[in-house]
Amino acid sequence: MAYLDLFWPEGAVLPRMLPLDIFHMETGGCTGCALELRSLSRALVEGYSDIRFVSTPRQASLLLLTGSLTVEMAPVVELAWQAMPGTRLLAAVGDCALDGGVFTPGYAVLGGVGSRARVSLLLPGCPPSPAEILDALIRWRMQGEGGLSA
(Lines give C-alpha, C1' and ligand atoms only; values in the text may rest on other atoms or scores of the structure.)
Protein backbone atom coordinates (compact mmCIF):
# COMPACT_ATOMS: atom_id res chain seq x y z
CA MET A 1 0.00 0.00 0.00
CA ALA A 2 1.23 3.45 -0.85
CA TYR A 3 2.44 5.73 1.94
CA LEU A 4 0.39 8.94 1.99
CA ASP A 5 1.77 12.05 3.64
CA LEU A 6 -0.44 13.74 6.21
CA PHE A 7 1.20 17.10 5.57
CA TRP A 8 1.62 19.23 2.48
CA PRO A 9 5.16 19.05 1.03
CA GLU A 10 5.88 22.55 2.39
CA GLY A 11 5.06 21.26 5.90
CA ALA A 12 1.72 23.05 6.34
CA VAL A 13 -1.20 21.11 7.78
CA LEU A 14 -3.98 20.42 5.28
CA PRO A 15 -6.99 22.73 5.68
CA ARG A 16 -10.25 21.34 7.10
CA MET A 17 -12.97 21.05 4.46
CA LEU A 18 -16.38 19.55 4.01
CA PRO A 19 -16.33 15.81 3.32
CA LEU A 20 -16.02 14.76 -0.30
CA ASP A 21 -18.08 11.64 -1.01
CA ILE A 22 -16.88 9.83 -4.13
CA PHE A 23 -18.72 7.15 -6.11
CA HIS A 24 -16.28 5.31 -8.40
CA MET A 25 -17.27 3.55 -11.62
CA GLU A 26 -14.96 1.51 -13.84
CA THR A 27 -16.49 1.95 -17.30
CA GLY A 28 -14.22 -0.42 -19.22
CA GLY A 29 -10.50 -1.02 -19.60
CA CYS A 30 -7.67 -2.83 -17.86
CA THR A 31 -8.79 -1.79 -14.30
CA GLY A 32 -5.30 -0.46 -13.50
CA CYS A 33 -6.74 2.87 -12.35
CA ALA A 34 -9.39 1.07 -10.30
CA LEU A 35 -6.68 -0.88 -8.47
CA GLU A 36 -4.85 2.36 -7.65
CA LEU A 37 -8.11 3.86 -6.36
CA ARG A 38 -8.67 0.77 -4.20
CA SER A 39 -5.26 1.32 -2.65
CA LEU A 40 -6.08 4.99 -2.06
CA SER A 41 -9.47 4.20 -0.51
CA ARG A 42 -7.89 1.81 1.99
CA ALA A 43 -5.33 4.43 2.99
CA LEU A 44 -8.07 7.07 3.39
CA VAL A 45 -10.15 4.75 5.60
CA GLU A 46 -7.15 4.08 7.83
CA GLY A 47 -6.36 7.80 8.03
CA TYR A 48 -9.94 8.93 8.82
CA SER A 49 -9.90 11.38 5.93
CA ASP A 50 -12.62 13.81 4.83
CA ILE A 51 -12.35 12.25 1.37
CA ARG A 52 -14.23 8.97 1.31
CA PHE A 53 -15.58 6.46 -1.18
CA VAL A 54 -19.28 5.60 -0.91
CA SER A 55 -21.12 2.53 -2.16
CA THR A 56 -24.04 4.23 -3.89
CA PRO A 57 -24.42 7.31 -6.08
CA ARG A 58 -27.24 8.53 -3.81
CA GLN A 59 -24.60 9.35 -1.17
CA ALA A 60 -22.05 10.89 -3.55
CA SER A 61 -21.17 14.42 -4.56
CA LEU A 62 -18.47 13.35 -7.06
CA LEU A 63 -18.77 10.69 -9.75
CA LEU A 64 -15.26 9.42 -10.51
CA LEU A 65 -14.89 7.49 -13.76
CA THR A 66 -11.98 5.29 -14.82
CA GLY A 67 -11.63 3.36 -18.06
CA SER A 68 -12.88 4.12 -21.53
CA LEU A 69 -16.62 4.50 -21.88
CA THR A 70 -18.26 1.47 -23.48
CA VAL A 71 -21.65 1.25 -25.15
CA GLU A 72 -22.92 -1.06 -22.39
CA MET A 73 -21.75 1.22 -19.54
CA ALA A 74 -22.97 4.56 -20.96
CA PRO A 75 -26.58 4.12 -19.74
CA VAL A 76 -25.32 2.88 -16.35
CA VAL A 77 -23.17 6.00 -15.96
CA GLU A 78 -26.18 8.15 -16.88
CA LEU A 79 -28.34 6.38 -14.26
CA ALA A 80 -25.66 6.89 -11.61
CA TRP A 81 -25.37 10.57 -12.57
CA GLN A 82 -29.13 11.08 -12.30
CA ALA A 83 -29.22 9.31 -8.91
CA MET A 84 -26.75 11.74 -7.35
CA PRO A 85 -28.37 14.39 -5.14
CA GLY A 86 -27.73 18.13 -5.21
CA THR A 87 -24.65 19.56 -6.89
CA ARG A 88 -23.03 16.86 -8.98
CA LEU A 89 -19.41 16.82 -10.07
CA LEU A 90 -17.62 14.56 -12.53
CA ALA A 91 -13.98 13.42 -12.46
CA ALA A 92 -12.09 11.43 -15.10
CA VAL A 93 -9.00 9.60 -13.86
CA GLY A 94 -6.56 7.87 -16.19
CA ASP A 95 -5.79 8.15 -19.88
CA CYS A 96 -8.65 5.86 -20.87
CA ALA A 97 -11.24 8.00 -19.09
CA LEU A 98 -9.85 11.17 -20.67
CA ASP A 99 -9.58 10.20 -24.33
CA GLY A 100 -10.01 6.44 -24.60
CA GLY A 101 -6.32 5.64 -24.10
CA VAL A 102 -5.39 2.45 -25.94
CA PHE A 103 -9.06 1.62 -26.50
CA THR A 104 -9.96 3.38 -29.73
CA PRO A 105 -13.62 4.14 -30.44
CA GLY A 106 -15.39 1.33 -32.27
CA TYR A 107 -18.65 -0.57 -32.22
CA ALA A 108 -18.38 -1.36 -28.48
CA VAL A 109 -16.20 1.50 -27.21
CA LEU A 110 -17.25 5.15 -27.24
CA GLY A 111 -13.83 6.46 -26.09
CA GLY A 112 -13.07 8.76 -23.19
CA VAL A 113 -15.65 10.66 -21.19
CA GLY A 114 -13.41 13.75 -21.14
CA SER A 115 -14.62 14.81 -24.60
CA ARG A 116 -18.28 13.87 -24.04
CA ALA A 117 -19.13 15.63 -20.78
CA ARG A 118 -18.16 18.65 -18.69
CA VAL A 119 -15.55 17.19 -16.35
CA SER A 120 -14.53 19.00 -13.15
CA LEU A 121 -11.28 17.08 -12.61
CA LEU A 122 -9.08 15.57 -15.32
CA LEU A 123 -6.13 13.44 -14.20
CA PRO A 124 -4.03 11.75 -16.90
CA GLY A 125 -1.79 8.74 -16.29
CA CYS A 126 -1.68 5.06 -17.06
CA PRO A 127 -2.41 4.51 -14.22
CA PRO A 128 -1.87 7.51 -11.94
CA SER A 129 -0.48 6.55 -8.54
CA PRO A 130 -2.61 6.83 -5.37
CA ALA A 131 -0.45 9.77 -4.26
CA GLU A 132 -1.07 11.58 -7.58
CA ILE A 133 -4.82 10.99 -7.30
CA LEU A 134 -4.94 12.24 -3.71
CA ASP A 135 -2.81 15.27 -4.58
CA ALA A 136 -5.11 16.14 -7.50
CA LEU A 137 -8.24 15.80 -5.31
CA ILE A 138 -6.78 17.99 -2.57
CA ARG A 139 -5.54 20.67 -4.98
CA TRP A 140 -8.89 20.63 -6.78
CA ARG A 141 -10.77 21.12 -3.50
CA MET A 142 -8.44 23.92 -2.43
CA GLN A 143 -9.15 25.74 -5.71
CA GLY A 144 -12.84 25.73 -4.86
CA GLU A 145 -13.97 22.73 -6.93
CA GLY A 146 -14.20 24.92 -10.00
CA GLY A 147 -12.29 22.66 -12.33
CA LEU A 148 -8.73 21.45 -12.60
CA SER A 149 -6.70 19.67 -15.20
CA ALA A 150 -3.82 18.02 -13.38
# chains A, B, ... in the order shown; residues from 1 in each chain; ligands from 1
>>> residues_around(residues="stretch 113-123 of chain A", least_positions_apart="6", cutoff="10 Å", atoms="only C-alpha atoms", output="ChimeraX atom specification")
/A:27,62-70,74,88-100,132-133,136-137,140-141,145-150
>>> select_by_dssp(residues="stretch 6-130 of chain A", states="strand (DSSP E)", output="JSON, numbers by chain")
{"A": [20, 21, 22, 23, 24, 25, 26, 51, 52, 53, 62, 63, 64, 65, 66, 69, 70, 89, 90, 91, 92, 93, 109, 110, 111, 121, 122, 123]}
>>> write_last_selection(atoms="N, CA and C atoms", output="PDB file, in the first residue's frame")
ATOM      1  N   LEU A  20     -15.816  15.004   1.113  1.00  0.00           N
ATOM      2  CA  LEU A  20     -16.021  14.756  -0.305  1.00  0.00           C
ATOM      3  C   LEU A  20     -16.370  13.285  -0.456  1.00  0.00           C
ATOM      4  N   ASP A  21     -17.608  13.007  -0.839  1.00  0.00           N
ATOM      5  CA  ASP A  21     -18.081  11.636  -1.014  1.00  0.00           C
ATOM      6  C   ASP A  21     -17.967  11.264  -2.482  1.00  0.00           C
ATOM      7  N   ILE A  22     -17.187  10.222  -2.763  1.00  0.00           N
ATOM      8  CA  ILE A  22     -16.876   9.828  -4.133  1.00  0.00           C
ATOM      9  C   ILE A  22     -17.513   8.480  -4.449  1.00  0.00           C
ATOM     10  N   PHE A  23     -18.216   8.420  -5.586  1.00  0.00           N
ATOM     11  CA  PHE A  23     -18.715   7.150  -6.107  1.00  0.00           C
ATOM     12  C   PHE A  23     -17.885   6.827  -7.337  1.00  0.00           C
ATOM     13  N   HIS A  24     -17.178   5.703  -7.311  1.00  0.00           N
ATOM     14  CA  HIS A  24     -16.281   5.309  -8.398  1.00  0.00           C
ATOM     15  C   HIS A  24     -16.956   4.307  -9.307  1.00  0.00           C
ATOM     16  N   MET A  25     -16.788   4.513 -10.625  1.00  0.00           N
ATOM     17  CA  MET A  25     -17.273   3.551 -11.620  1.00  0.00           C
ATOM     18  C   MET A  25     -16.148   3.251 -12.601  1.00  0.00           C
ATOM     19  N   GLU A  26     -15.886   1.969 -12.807  1.00  0.00           N
ATOM     20  CA  GLU A  26     -14.963   1.513 -13.843  1.00  0.00           C
ATOM     21  C   GLU A  26     -15.815   1.249 -15.073  1.00  0.00           C
ATOM     22  N   ILE A  51     -12.072  12.771   2.703  1.00  0.00           N
ATOM     23  CA  ILE A  51     -12.350  12.249   1.368  1.00  0.00           C
ATOM     24  C   ILE A  51     -12.670  10.777   1.545  1.00  0.00           C
ATOM     25  N   ARG A  52     -13.844  10.362   1.102  1.00  0.00           N
ATOM     26  CA  ARG A  52     -14.234   8.966   1.307  1.00  0.00           C
ATOM     27  C   ARG A  52     -14.994   8.441   0.096  1.00  0.00           C
ATOM     28  N   PHE A  53     -14.883   7.144  -0.100  1.00  0.00           N
ATOM     29  CA  PHE A  53     -15.580   6.465  -1.177  1.00  0.00           C
ATOM     30  C   PHE A  53     -16.869   5.882  -0.624  1.00  0.00           C
ATOM     31  N   LEU A  62     -19.409  13.424  -5.932  1.00  0.00           N
ATOM     32  CA  LEU A  62     -18.474  13.345  -7.056  1.00  0.00           C
ATOM     33  C   LEU A  62     -18.562  11.963  -7.689  1.00  0.00           C
ATOM     34  N   LEU A  63     -18.796  11.931  -8.989  1.00  0.00           N
ATOM     35  CA  LEU A  63     -18.772  10.691  -9.755  1.00  0.00           C
ATOM     36  C   LEU A  63     -17.399  10.599 -10.400  1.00  0.00           C
ATOM     37  N   LEU A  64     -16.627   9.586 -10.026  1.00  0.00           N
ATOM     38  CA  LEU A  64     -15.264   9.415 -10.515  1.00  0.00           C
ATOM     39  C   LEU A  64     -15.245   8.244 -11.479  1.00  0.00           C
ATOM     40  N   LEU A  65     -14.899   8.517 -12.724  1.00  0.00           N
ATOM     41  CA  LEU A  65     -14.889   7.487 -13.758  1.00  0.00           C
ATOM     42  C   LEU A  65     -13.465   7.108 -14.126  1.00  0.00           C
ATOM     43  N   THR A  66     -13.233   5.808 -14.293  1.00  0.00           N
ATOM     44  CA  THR A  66     -11.976   5.290 -14.815  1.00  0.00           C
ATOM     45  C   THR A  66     -12.313   4.356 -15.965  1.00  0.00           C
ATOM     46  N   LEU A  69     -15.176   4.673 -21.947  1.00  0.00           N
ATOM     47  CA  LEU A  69     -16.621   4.503 -21.882  1.00  0.00           C
ATOM     48  C   LEU A  69     -17.078   3.521 -22.953  1.00  0.00           C
ATOM     49  N   THR A  70     -17.763   2.464 -22.534  1.00  0.00           N
ATOM     50  CA  THR A  70     -18.263   1.468 -23.476  1.00  0.00           C
ATOM     51  C   THR A  70     -19.749   1.696 -23.728  1.00  0.00           C
ATOM     52  N   LEU A  89     -20.691  16.559  -9.429  1.00  0.00           N
ATOM     53  CA  LEU A  89     -19.409  16.816 -10.066  1.00  0.00           C
ATOM     54  C   LEU A  89     -18.904  15.534 -10.703  1.00  0.00           C
ATOM     55  N   LEU A  90     -18.128  15.699 -11.779  1.00  0.00           N
ATOM     56  CA  LEU A  90     -17.618  14.560 -12.530  1.00  0.00           C
ATOM     57  C   LEU A  90     -16.103  14.641 -12.604  1.00  0.00           C
ATOM     58  N   ALA A  91     -15.431  13.511 -12.361  1.00  0.00           N
ATOM     59  CA  ALA A  91     -13.975  13.419 -12.463  1.00  0.00           C
ATOM     60  C   ALA A  91     -13.622  12.260 -13.385  1.00  0.00           C
ATOM     61  N   ALA A  92     -12.610  12.467 -14.212  1.00  0.00           N
ATOM     62  CA  ALA A  92     -12.094  11.426 -15.097  1.00  0.00           C
ATOM     63  C   ALA A  92     -10.638  11.177 -14.719  1.00  0.00           C
ATOM     64  N   VAL A  93     -10.340   9.947 -14.316  1.00  0.00           N
ATOM     65  CA  VAL A  93      -9.001   9.595 -13.861  1.00  0.00           C
ATOM     66  C   VAL A  93      -8.420   8.536 -14.792  1.00  0.00           C
ATOM     67  N   VAL A 109     -16.875   0.513 -28.038  1.00  0.00           N
ATOM     68  CA  VAL A 109     -16.196   1.498 -27.208  1.00  0.00           C
ATOM     69  C   VAL A 109     -16.492   2.896 -27.736  1.00  0.00           C
ATOM     70  N   LEU A 110     -16.953   3.770 -26.854  1.00  0.00           N
ATOM     71  CA  LEU A 110     -17.246   5.152 -27.239  1.00  0.00           C
ATOM     72  C   LEU A 110     -16.029   6.059 -27.086  1.00  0.00           C
ATOM     73  N   GLY A 111     -15.028   5.643 -26.321  1.00  0.00           N
ATOM     74  CA  GLY A 111     -13.833   6.457 -26.086  1.00  0.00           C
ATOM     75  C   GLY A 111     -13.851   7.032 -24.688  1.00  0.00           C
ATOM     76  N   LEU A 121     -12.668  17.463 -12.910  1.00  0.00           N
ATOM     77  CA  LEU A 121     -11.281  17.080 -12.606  1.00  0.00           C
ATOM     78  C   LEU A 121     -10.799  16.089 -13.645  1.00  0.00           C
ATOM     79  N   LEU A 122      -9.716  16.442 -14.346  1.00  0.00           N
ATOM     80  CA  LEU A 122      -9.078  15.568 -15.320  1.00  0.00           C
ATOM     81  C   LEU A 122      -7.702  15.189 -14.796  1.00  0.00           C
ATOM     82  N   LEU A 123      -7.437  13.896 -14.685  1.00  0.00           N
ATOM     83  CA  LEU A 123      -6.132  13.440 -14.200  1.00  0.00           C
ATOM     84  C   LEU A 123      -5.589  12.375 -15.142  1.00  0.00           C
TER      85      LEU A 123
END
>>> select_by_dssp(residues="stretch 42-108 of chain A", states="helix (DSSP H, G or I)", output="ChimeraX atom specification")
/A:42-46,57-59,74-83,95-99
>>> write_last_selection(atoms="N, CA and C atoms", output="PDB file, in the first residue's frame")
ATOM      1  N   ARG A  42      -8.305   2.480   0.752  1.00  0.00           N
ATOM      2  CA  ARG A  42      -7.892   1.807   1.988  1.00  0.00           C
ATOM      3  C   ARG A  42      -7.047   2.729   2.862  1.00  0.00           C
ATOM      4  N   ALA A  43      -6.158   3.493   2.227  1.00  0.00           N
ATOM      5  CA  ALA A  43      -5.329   4.432   2.986  1.00  0.00           C
ATOM      6  C   ALA A  43      -6.180   5.544   3.595  1.00  0.00           C
ATOM      7  N   LEU A  44      -7.195   6.005   2.872  1.00  0.00           N
ATOM      8  CA  LEU A  44      -8.067   7.066   3.391  1.00  0.00           C
ATOM      9  C   LEU A  44      -8.903   6.569   4.562  1.00  0.00           C
ATOM     10  N   VAL A  45      -9.362   5.313   4.506  1.00  0.00           N
ATOM     11  CA  VAL A  45     -10.148   4.747   5.604  1.00  0.00           C
ATOM     12  C   VAL A  45      -9.284   4.649   6.852  1.00  0.00           C
ATOM     13  N   GLU A  46      -8.047   4.207   6.686  1.00  0.00           N
ATOM     14  CA  GLU A  46      -7.148   4.080   7.832  1.00  0.00           C
ATOM     15  C   GLU A  46      -6.768   5.434   8.413  1.00  0.00           C
ATOM     16  N   PRO A  57     -24.445   5.936  -5.592  1.00  0.00           N
ATOM     17  CA  PRO A  57     -24.418   7.314  -6.079  1.00  0.00           C
ATOM     18  C   PRO A  57     -25.356   8.235  -5.300  1.00  0.00           C
ATOM     19  N   ARG A  58     -26.314   7.702  -4.594  1.00  0.00           N
ATOM     20  CA  ARG A  58     -27.241   8.532  -3.805  1.00  0.00           C
ATOM     21  C   ARG A  58     -26.555   9.215  -2.627  1.00  0.00           C
ATOM     22  N   GLN A  59     -25.363   8.760  -2.267  1.00  0.00           N
ATOM     23  CA  GLN A  59     -24.599   9.352  -1.167  1.00  0.00           C
ATOM     24  C   GLN A  59     -23.458  10.218  -1.679  1.00  0.00           C
ATOM     25  N   ALA A  74     -22.487   3.184 -20.818  1.00  0.00           N
ATOM     26  CA  ALA A  74     -22.974   4.559 -20.964  1.00  0.00           C
ATOM     27  C   ALA A  74     -24.322   4.781 -20.274  1.00  0.00           C
ATOM     28  N   PRO A  75     -25.317   3.900 -20.456  1.00  0.00           N
ATOM     29  CA  PRO A  75     -26.583   4.118 -19.737  1.00  0.00           C
ATOM     30  C   PRO A  75     -26.452   3.934 -18.225  1.00  0.00           C
ATOM     31  N   VAL A  76     -25.536   3.086 -17.782  1.00  0.00           N
ATOM     32  CA  VAL A  76     -25.317   2.876 -16.346  1.00  0.00           C
ATOM     33  C   VAL A  76     -24.702   4.135 -15.726  1.00  0.00           C
ATOM     34  N   VAL A  77     -23.769   4.748 -16.440  1.00  0.00           N
ATOM     35  CA  VAL A  77     -23.170   5.998 -15.965  1.00  0.00           C
ATOM     36  C   VAL A  77     -24.239   7.082 -15.885  1.00  0.00           C
ATOM     37  N   GLU A  78     -25.100   7.157 -16.884  1.00  0.00           N
ATOM     38  CA  GLU A  78     -26.178   8.153 -16.875  1.00  0.00           C
ATOM     39  C   GLU A  78     -27.135   7.932 -15.702  1.00  0.00           C
ATOM     40  N   LEU A  79     -27.467   6.688 -15.403  1.00  0.00           N
ATOM     41  CA  LEU A  79     -28.338   6.384 -14.256  1.00  0.00           C
ATOM     42  C   LEU A  79     -27.670   6.784 -12.941  1.00  0.00           C
ATOM     43  N   ALA A  80     -26.383   6.505 -12.820  1.00  0.00           N
ATOM     44  CA  ALA A  80     -25.657   6.890 -11.606  1.00  0.00           C
ATOM     45  C   ALA A  80     -25.627   8.411 -11.475  1.00  0.00           C
ATOM     46  N   TRP A  81     -25.405   9.107 -12.574  1.00  0.00           N
ATOM     47  CA  TRP A  81     -25.367  10.567 -12.570  1.00  0.00           C
ATOM     48  C   TRP A  81     -26.714  11.139 -12.131  1.00  0.00           C
ATOM     49  N   GLN A  82     -27.795  10.594 -12.648  1.00  0.00           N
ATOM     50  CA  GLN A  82     -29.133  11.077 -12.301  1.00  0.00           C
ATOM     51  C   GLN A  82     -29.508  10.747 -10.859  1.00  0.00           C
ATOM     52  N   ALA A  83     -28.917   9.705 -10.289  1.00  0.00           N
ATOM     53  CA  ALA A  83     -29.224   9.310  -8.911  1.00  0.00           C
ATOM     54  C   ALA A  83     -28.511  10.171  -7.874  1.00  0.00           C
ATOM     55  N   ASP A  95      -5.764   7.822 -18.459  1.00  0.00           N
ATOM     56  CA  ASP A  95      -5.789   8.153 -19.884  1.00  0.00           C
ATOM     57  C   ASP A  95      -7.029   7.620 -20.590  1.00  0.00           C
ATOM     58  N   CYS A  96      -7.478   6.444 -20.220  1.00  0.00           N
ATOM     59  CA  CYS A  96      -8.655   5.856 -20.873  1.00  0.00           C
ATOM     60  C   CYS A  96      -9.910   6.682 -20.615  1.00  0.00           C
ATOM     61  N   ALA A  97     -10.061   7.187 -19.410  1.00  0.00           N
ATOM     62  CA  ALA A  97     -11.236   8.001 -19.087  1.00  0.00           C
ATOM     63  C   ALA A  97     -11.182   9.359 -19.776  1.00  0.00           C
ATOM     64  N   LEU A  98      -9.985   9.866 -20.024  1.00  0.00           N
ATOM     65  CA  LEU A  98      -9.851  11.170 -20.672  1.00  0.00           C
ATOM     66  C   LEU A  98     -10.150  11.110 -22.166  1.00  0.00           C
ATOM     67  N   ASP A  99      -9.448  10.207 -22.872  1.00  0.00           N
ATOM     68  CA  ASP A  99      -9.580  10.198 -24.330  1.00  0.00           C
ATOM     69  C   ASP A  99      -9.686   8.794 -24.926  1.00  0.00           C
TER      70      ASP A  99
END
>>> atom_distance(atom1="atom CA of A:Ser55", atom2="atom CA of A:Ser41")
11.9 Å
>>> closest_residue(among="A:Pro124, A:Pro130, A:Pro19, A:Gly106", to="A:Val54", atoms="only C-alpha atoms")
A:Pro19
>>> atom_distance(atom1="atom CA of A:Ser39", atom2="atom CA of A:Gly125")
15.9 Å
>>> atom_distance(atom1="atom CA of A:Pro127", atom2="atom CA of A:Gly32")
5.8 Å
